[in-house]
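Below is protein21.txt, which holds compact mmCIF, C-alpha atoms.
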```
# COMPACT_ATOMS: atom_id res chain seq x y z
CA MET A 814 -150.36 16.16 -87.12
CA SER A 815 -147.17 17.17 -88.92
CA SER A 816 -145.52 18.56 -85.76
CA ARG A 817 -146.39 15.36 -83.83
CA SER A 818 -144.91 13.11 -86.54
CA TRP A 819 -141.69 15.23 -86.45
CA ALA A 820 -141.36 15.07 -82.66
CA CYS A 821 -141.44 11.26 -82.29
CA PRO A 822 -138.47 10.43 -84.54
CA LEU A 823 -136.53 13.25 -82.90
CA CYS A 824 -137.24 11.88 -79.43
CA ALA A 825 -136.26 8.39 -80.53
CA GLY A 826 -133.01 9.67 -82.00
CA LEU A 827 -132.15 11.60 -78.86
CA GLY A 828 -132.91 8.52 -76.78
CA VAL A 829 -130.48 6.39 -78.82
CA VAL A 830 -127.76 9.01 -78.44
CA ALA A 831 -128.35 9.19 -74.71
CA LEU A 832 -128.14 5.40 -74.33
CA ALA A 833 -124.92 5.32 -76.38
CA LEU A 834 -123.37 8.00 -74.19
CA LEU A 835 -124.45 6.16 -71.03
CA ALA A 836 -122.97 2.90 -72.32
CA TRP A 837 -119.71 4.65 -73.22
CA VAL A 838 -119.46 6.11 -69.71
CA TRP A 839 -120.10 2.76 -68.03
CA ILE A 840 -117.65 0.90 -70.27
CA GLY A 841 -115.00 3.49 -69.50
CA ARG A 842 -115.66 3.14 -65.79
CA GLY A 843 -115.39 -0.65 -66.11
CA ASP A 844 -111.97 -0.37 -67.75
CA ASP A 845 -110.84 2.10 -65.09
CA LEU A 846 -112.07 -0.19 -62.31
CA ALA A 847 -110.27 -3.22 -63.80
CA SER A 848 -107.09 -1.18 -64.07
CA GLN A 849 -107.38 -0.10 -60.44
CA VAL A 850 -107.90 -3.71 -59.32
CA ARG A 851 -104.82 -4.84 -61.24
CA GLN A 852 -102.70 -2.02 -59.82
CA ARG A 853 -103.77 -2.80 -56.25
CA SER A 854 -103.15 -6.51 -56.81
CA GLU A 855 -99.68 -5.85 -58.23
CA ALA A 856 -98.81 -3.70 -55.22
CA ASP A 857 -100.20 -6.30 -52.80
CA GLY A 858 -98.29 -9.07 -54.60
CA ALA A 859 -95.01 -7.16 -54.33
CA ARG A 860 -95.55 -6.61 -50.59
CA ILE A 861 -96.39 -10.29 -50.03
CA LEU A 862 -93.31 -11.48 -51.92
CA SER A 863 -91.09 -8.97 -50.10
CA ALA A 864 -92.41 -10.11 -46.72
CA ALA A 865 -91.68 -13.73 -47.74
CA GLY A 866 -88.01 -12.85 -48.31
CA PHE A 867 -88.01 -11.94 -52.01
CA PRO A 868 -87.81 -8.12 -52.09
CA TRP A 869 -86.54 -8.16 -55.69
CA ALA A 870 -89.61 -10.04 -57.01
CA ARG A 871 -92.75 -8.27 -58.23
CA LEU A 872 -96.10 -9.13 -59.79
CA LYS A 873 -97.13 -7.81 -63.22
CA ILE A 874 -100.64 -8.66 -64.47
CA GLU A 875 -101.40 -8.75 -68.19
CA ASP A 876 -104.39 -10.41 -69.90
CA GLU A 877 -105.35 -12.48 -66.83
CA VAL A 878 -101.78 -13.79 -66.51
CA GLY A 879 -99.68 -12.91 -63.48
CA HIS A 880 -96.00 -12.59 -64.37
CA ILE A 881 -93.46 -12.90 -61.57
CA GLU A 882 -90.68 -10.50 -62.57
CA GLY A 883 -87.38 -9.34 -61.10
CA THR A 884 -83.69 -10.20 -61.06
CA ALA A 885 -83.07 -13.07 -58.66
CA PRO A 886 -79.62 -13.37 -57.03
CA SER A 887 -79.41 -17.04 -58.08
CA LEU A 888 -81.26 -19.77 -59.95
CA ALA A 889 -82.21 -21.35 -56.63
CA GLU A 890 -83.71 -18.07 -55.40
CA ARG A 891 -85.60 -17.69 -58.67
CA ALA A 892 -87.15 -21.15 -58.28
CA ALA A 893 -87.95 -20.50 -54.62
CA ALA A 894 -89.62 -17.17 -55.41
CA PHE A 895 -91.84 -18.67 -58.10
CA ALA A 896 -92.81 -21.59 -55.86
CA ALA A 897 -93.65 -19.17 -53.04
CA ALA A 898 -95.66 -16.96 -55.39
CA GLY A 899 -97.76 -19.93 -56.49
CA SER A 900 -98.74 -20.55 -52.87
CA LEU A 901 -98.86 -17.03 -51.43
CA LEU A 902 -100.75 -15.42 -54.32
CA MET A 903 -103.24 -18.26 -54.73
CA PRO A 904 -106.10 -16.28 -53.05
CA MET A 905 -105.89 -13.71 -55.88
CA MET A 906 -106.20 -16.26 -58.68
CA GLY A 907 -109.56 -16.45 -60.36
CA SER A 908 -110.83 -13.20 -58.84
CA PRO A 909 -112.54 -10.94 -61.41
CA GLY A 910 -110.10 -8.50 -62.95
CA VAL A 911 -107.02 -10.11 -61.41
CA PHE A 912 -105.35 -13.19 -62.94
CA ALA A 913 -106.03 -16.86 -63.60
CA ARG A 914 -102.49 -18.29 -63.75
CA LEU A 915 -98.88 -17.47 -63.04
CA GLN A 916 -95.85 -17.40 -65.33
CA ASP A 917 -92.19 -17.10 -64.40
CA ALA A 918 -90.67 -14.01 -66.04
CA GLN A 919 -87.74 -13.61 -63.65
CA THR A 920 -84.08 -13.50 -64.58
CA ALA A 921 -81.12 -14.95 -62.67
CA PRO A 922 -77.38 -15.34 -63.25
CA LEU A 923 -76.15 -18.70 -64.47
CA PRO A 924 -74.12 -20.74 -61.96
CA SER A 925 -70.37 -20.26 -62.23
CA LEU A 926 -68.40 -22.86 -64.15
CA PRO A 927 -66.17 -25.24 -62.15
CA ALA A 928 -62.42 -24.81 -62.14
CA LEU A 929 -60.67 -26.50 -65.05
CA ALA A 930 -58.72 -28.84 -62.77
CA ASP A 931 -61.94 -30.17 -61.25
CA THR A 932 -63.73 -30.67 -64.56
CA ALA A 933 -61.88 -33.74 -65.85
CA ALA A 934 -61.97 -35.54 -62.51
CA SER A 935 -65.69 -35.03 -61.97
CA ALA A 936 -66.87 -35.47 -65.58
CA PRO A 937 -68.00 -39.15 -65.23
CA SER A 938 -69.99 -38.51 -62.06
CA ARG A 939 -71.62 -35.40 -63.57
CA ALA A 940 -72.57 -37.32 -66.69
CA SER A 941 -74.19 -39.98 -64.53
CA ALA A 942 -76.08 -37.34 -62.56
CA ALA A 943 -77.32 -35.75 -65.78
CA ARG A 944 -78.72 -39.12 -66.86
CA GLY A 945 -80.42 -39.56 -63.49
CA GLU A 946 -78.03 -42.30 -62.39
CA ALA A 947 -76.42 -42.67 -58.96
CA SER A 948 -73.41 -44.60 -57.77
CA THR A 949 -75.19 -46.24 -54.84
CA PRO A 950 -78.20 -48.43 -55.68
CA LEU A 951 -81.17 -48.64 -53.32
CA THR A 952 -83.38 -51.51 -52.30
CA ALA A 953 -86.98 -51.26 -53.48
CA ALA A 954 -88.13 -50.48 -49.91
CA ASP A 955 -85.51 -47.75 -49.44
CA CYS A 956 -86.37 -46.32 -52.85
CA SER A 957 -90.07 -46.17 -51.93
CA ALA A 958 -89.26 -44.49 -48.60
CA GLU A 959 -87.07 -41.91 -50.34
CA LEU A 960 -89.80 -41.09 -52.87
CA ALA A 961 -92.32 -40.66 -50.05
CA SER A 962 -89.88 -38.39 -48.20
CA LEU A 963 -89.39 -36.18 -51.26
CA LEU A 964 -93.15 -35.75 -51.68
CA ARG A 965 -93.66 -34.99 -47.99
CA ALA A 966 -91.02 -32.29 -48.14
CA GLU A 967 -92.40 -30.69 -51.29
CA ALA A 968 -95.71 -31.21 -53.09
CA LEU A 969 -96.15 -31.47 -56.83
CA HIS A 970 -98.18 -28.49 -58.05
CA PHE A 971 -100.72 -28.33 -60.86
CA ARG A 972 -102.37 -25.44 -62.60
CA LEU A 973 -105.65 -24.53 -60.94
CA GLY A 974 -108.39 -27.08 -61.70
CA SER A 975 -106.31 -28.93 -64.31
CA ALA A 976 -103.88 -31.82 -64.72
CA ASP A 977 -101.10 -29.58 -66.11
CA LEU A 978 -98.02 -29.70 -63.90
CA ALA A 979 -96.91 -26.23 -62.83
CA PRO A 980 -93.42 -25.14 -63.97
CA GLN A 981 -92.09 -25.04 -60.41
CA SER A 982 -92.58 -28.83 -60.15
CA ALA A 983 -90.03 -29.63 -62.87
CA GLU A 984 -87.14 -29.84 -60.40
CA LEU A 985 -89.05 -32.19 -58.09
CA ILE A 986 -89.87 -34.46 -61.04
CA GLN A 987 -86.12 -34.70 -61.73
CA ARG A 988 -85.38 -35.64 -58.11
CA LEU A 989 -88.12 -38.27 -58.18
CA GLN A 990 -86.82 -39.85 -61.37
CA ARG A 991 -83.24 -39.91 -60.07
CA THR A 992 -84.41 -41.78 -56.98
CA ALA A 993 -86.61 -44.18 -58.98
CA ARG A 994 -83.70 -45.07 -61.24
CA ARG A 995 -81.59 -46.12 -58.27
CA CYS A 996 -83.80 -49.20 -57.86
CA PRO A 997 -84.24 -50.41 -61.47
CA GLU A 998 -86.23 -53.54 -60.57
CA ALA A 999 -88.91 -51.80 -58.53
CA ARG A 1000 -92.32 -50.87 -59.91
CA PHE A 1001 -94.41 -48.02 -58.55
CA ARG A 1002 -98.05 -46.92 -58.32
CA VAL A 1003 -98.53 -43.16 -58.75
CA GLU A 1004 -101.67 -42.13 -56.87
CA GLY A 1005 -103.65 -38.93 -57.41
CA HIS A 1006 -105.73 -37.53 -54.53
CA THR A 1007 -108.05 -34.49 -54.38
CA ASP A 1008 -109.82 -32.53 -51.68
CA THR A 1009 -113.55 -32.90 -51.00
CA GLN A 1010 -114.59 -29.65 -52.66
CA GLY A 1011 -116.79 -29.92 -55.74
CA ASP A 1012 -118.32 -32.94 -57.41
CA ALA A 1013 -117.01 -36.37 -56.34
CA ALA A 1014 -117.13 -37.78 -59.87
CA GLY A 1015 -115.28 -34.75 -61.20
CA ASN A 1016 -112.67 -35.10 -58.45
CA GLN A 1017 -112.20 -38.74 -59.37
CA ARG A 1018 -111.53 -37.86 -63.01
CA LEU A 1019 -109.17 -35.06 -62.01
CA SER A 1020 -107.17 -37.36 -59.72
CA GLU A 1021 -106.80 -39.91 -62.54
CA ARG A 1022 -105.61 -37.26 -65.00
CA ARG A 1023 -103.13 -35.83 -62.52
CA ALA A 1024 -101.68 -39.25 -61.67
CA GLN A 1025 -101.29 -39.97 -65.39
CA ALA A 1026 -99.63 -36.57 -65.94
CA VAL A 1027 -97.01 -37.40 -63.29
CA VAL A 1028 -96.38 -40.80 -64.86
CA GLN A 1029 -95.88 -39.17 -68.24
CA ALA A 1030 -93.51 -36.57 -66.76
CA LEU A 1031 -91.43 -39.28 -65.07
CA VAL A 1032 -91.29 -41.31 -68.28
CA ARG A 1033 -90.12 -38.23 -70.21
CA ALA A 1034 -87.48 -37.73 -67.51
CA GLY A 1035 -86.12 -41.24 -68.03
CA VAL A 1036 -88.09 -43.73 -65.90
CA PRO A 1037 -89.17 -46.75 -68.01
CA ALA A 1038 -92.93 -46.69 -68.57
CA HIS A 1039 -93.41 -50.35 -67.59
CA ARG A 1040 -92.29 -49.50 -64.04
CA LEU A 1041 -95.10 -47.02 -63.42
CA ARG A 1042 -98.88 -47.24 -63.11
CA ALA A 1043 -101.26 -44.33 -62.56
CA GLN A 1044 -104.24 -44.59 -60.22
CA GLY A 1045 -106.76 -41.89 -59.27
CA LEU A 1046 -108.44 -42.13 -55.87
CA GLY A 1047 -110.35 -38.86 -55.94
CA GLU A 1048 -111.45 -37.63 -52.52
CA SER A 1049 -111.74 -41.12 -50.97
CA ARG A 1050 -108.58 -40.98 -48.80
CA PRO A 1051 -108.22 -37.55 -47.19
CA LEU A 1052 -105.28 -36.89 -44.87
CA ASP A 1053 -107.24 -34.21 -43.03
CA THR A 1054 -111.04 -34.25 -42.71
CA ALA A 1055 -111.35 -30.63 -41.57
CA ASP A 1056 -113.18 -28.20 -43.88
CA THR A 1057 -110.38 -25.61 -44.00
CA PRO A 1058 -108.11 -24.29 -46.78
CA ALA A 1059 -105.09 -25.89 -45.08
CA ALA A 1060 -106.83 -29.27 -44.94
CA HIS A 1061 -107.90 -29.06 -48.57
CA GLU A 1062 -104.33 -28.24 -49.57
CA ARG A 1063 -102.98 -31.26 -47.69
CA ASN A 1064 -105.52 -33.54 -49.34
CA ARG A 1065 -104.63 -32.40 -52.86
CA ARG A 1066 -101.53 -34.51 -53.40
CA ILE A 1067 -99.62 -37.14 -55.34
CA GLU A 1068 -98.33 -40.25 -53.58
CA ILE A 1069 -95.95 -42.88 -54.99
CA HIS A 1070 -96.07 -46.41 -53.56
CA LEU A 1071 -94.16 -49.60 -54.25
CA MET A 1072 -96.03 -52.31 -56.14
CA ASP A 1073 -95.17 -55.69 -54.64
CA ARG A 1074 -96.22 -57.56 -57.76
CA PRO A 1075 -97.35 -56.78 -61.30
CA GLY A 1076 -100.93 -55.61 -61.64
```

As a first step, turn the structure in this file into structure tokens.
Amino acid sequence: MSSRSWACPLCAGLGVVALALLAWVWIGRGDDLASQVRQRSEADGARILSAAGFPWARLKIEDEVGHIEGTAPSLAERAAAFAAAGSLLMPMMGSPGVFARLQDAQTAPLPSLPALADTAASAPSRASAARGEASTPLTAADCSAELASLLRAEALHFRLGSADLAPQSAELIQRLQRTARRCPEARFRVEGHTDTQGDAAGNQRLSERRAQAVVQALVRAGVPAHRLRAQGLGESRPLDTADTPAAHERNRRIEIHLMDRPG
């Protein structure tokens, strides 16, 4: 009896040790696997950016955040690289062990200062441009057409599944507000649209929040709040009814339309 009572606790103790060792091995393998996934993704990201015309840009992944790093030859190239990364690296986002969002960690030289002789002559026009003003006013119809043209040429981007405007959209917001301020009597409806993926009610709420986020960004940029109204239309007005990634991307959009009368 005594030998049997000694053997059972010993077996139990050895079993606990064995389980602990097994868990330690698997945890270590999990960390190694995650590290390998990140390294492969960083290498793939660098190749994708290089092929897109940004050989100086690279991807560094830390704590589920993808940092776009590198020394850009200009501020314009820096903005273009980050915008391209947001589109080209989108398939990696949300994948286990990769990253959930992008941040701009690039550097770029500041633009050169103008010659002293040109500074005094151009100071008034530059001050107007900084305030979002323009020398030539537009009619309400022309203003609306210009806003639509800007949004066709470049889409406003949001963080994945949220109403937070992505950093690369800041410049487009400035162009939109400069155009809107050239027709000070016009009022506009900012429409949010989504694709057909997911729940329709959830898409409706997301479109409303995104439209409101754009209104708030334009107001912060200098457009009077009483000239703007946000409206979410969810997935009700798709531009492309195909069930493809390209169609879904087209349908996720912001549109700005002229309001003929208050409402």

Next item on the list: Point out the residue among A:Pro980, A:Gly858, A:Gly883, A:Pro904 with the least atom-to-atom distance to Gln916 in chain A, counting only C-alpha atoms.
Entry: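 Result for the nearest residue to Gln916 in chain A: A:Pro980.
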
Checklist line | Residue nearest Leu978 in chain A - candidates A:Ala856, A:Leu888, A:Leu1031, A:Val850, atoms counted: only C-alpha atoms | finding: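 Looking at the shortest contact to Leu978 in chain A, the residue is A:Leu1031.
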
Next item on the list: In Å, rounded to a single decimal, give me how far CA of Glu1062 in chain A is from CA of Phe867 in chain A.
Entry: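 Calculated distance between CA of Phe867 in chain A and CA of Glu1062 in chain A is 23.2 Å.
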
Margin query: Using only C-alpha atoms, can you tell me which of A:Glu967, A:Glu1068, A:Glu984, A:Glu1048 comes closest to Gln1010 in chain A?
Written below: A:Glu1048

Check: Out of A:Ala892, A:Val878, A:Val1032, A:Ile1067, which residue has the shortest atom-to-atom distance to His970 in chain A when counting only C-alpha atoms?
Finding: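 Answer, going by the shortest atom-to-atom distance: A:Ile1067.
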
Check: Which residues, written as a VMD selection string, have at least one atom at most 9 Å from Ser982 in chain A, with all atoms listed in the file counted and residues fewer than 5 positions away on the same chain left out?
Finding: chain A and resid 896 968 to 971 987

Check: What does the distance from CA of Ala847 in chain A to CA of Arg871 in chain A come to in Å, to one decimal?
Finding: 19.1 Å

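Among the candidate residues A:Lys873, A:Arg853, A:Arg1065, A:Arg965, the one lying nearest to Gln1017 in chain A is A:Arg1065, with distances computed using all atoms listed in the file.
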
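Note that the spacing between CA of Ser975 in chain A and CA of Met905 in chain A amounts to 17.4 Å.
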
Checklist line | Residues within 12 Å of Leu973 in chain A, all atoms listed in the file, excluding chain neighbours under 5 positions, as a count of residues only | finding: 16

Next item on the list: Show me as a VMD selection string the residues that reach within 9 Å of (-110.2, -40.8, -48.6), counting only C-alpha atoms and using the file's own coordinates.
Entry: chain A and resid 1006 to 1009 1046 to 1052 1054 1064

Check: Which neighbours of Gln990 in chain A fall inside 12 Å, counting only C-alpha atoms, when residues of the same chain fewer than 6 positions from it are skipped, and could you give them as a PyMOL selection string?
Finding: chain A and resi 942-947+956-957+959-960+963+983-984+996-997+1001+1027-1038+1040-1041+1069

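Across A:Ala1026, A:Ala865, A:Ala1059, A:Ala893, the tightest approach to Arg972 in chain A is made by A:Ala1026 when counting only C-alpha atoms.
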
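Within 12 Å of the point (-84.1, -19.6, -56.4), counting all atoms listed in the file, the protein and nucleic acid residues come to Gly866, Phe867, Trp869, Ala870, Gly883, Thr884, Ala885, Pro886, Ser887, Leu888, Ala889, Glu890, Arg891, Ala892, Ala893, Ala894, Phe895, Ala896, Ala897, Ala898, Asp917, Gln919, Thr920, Ala921, Pro922, Leu923, Pro924, Gln981 and Glu984 of chain A.
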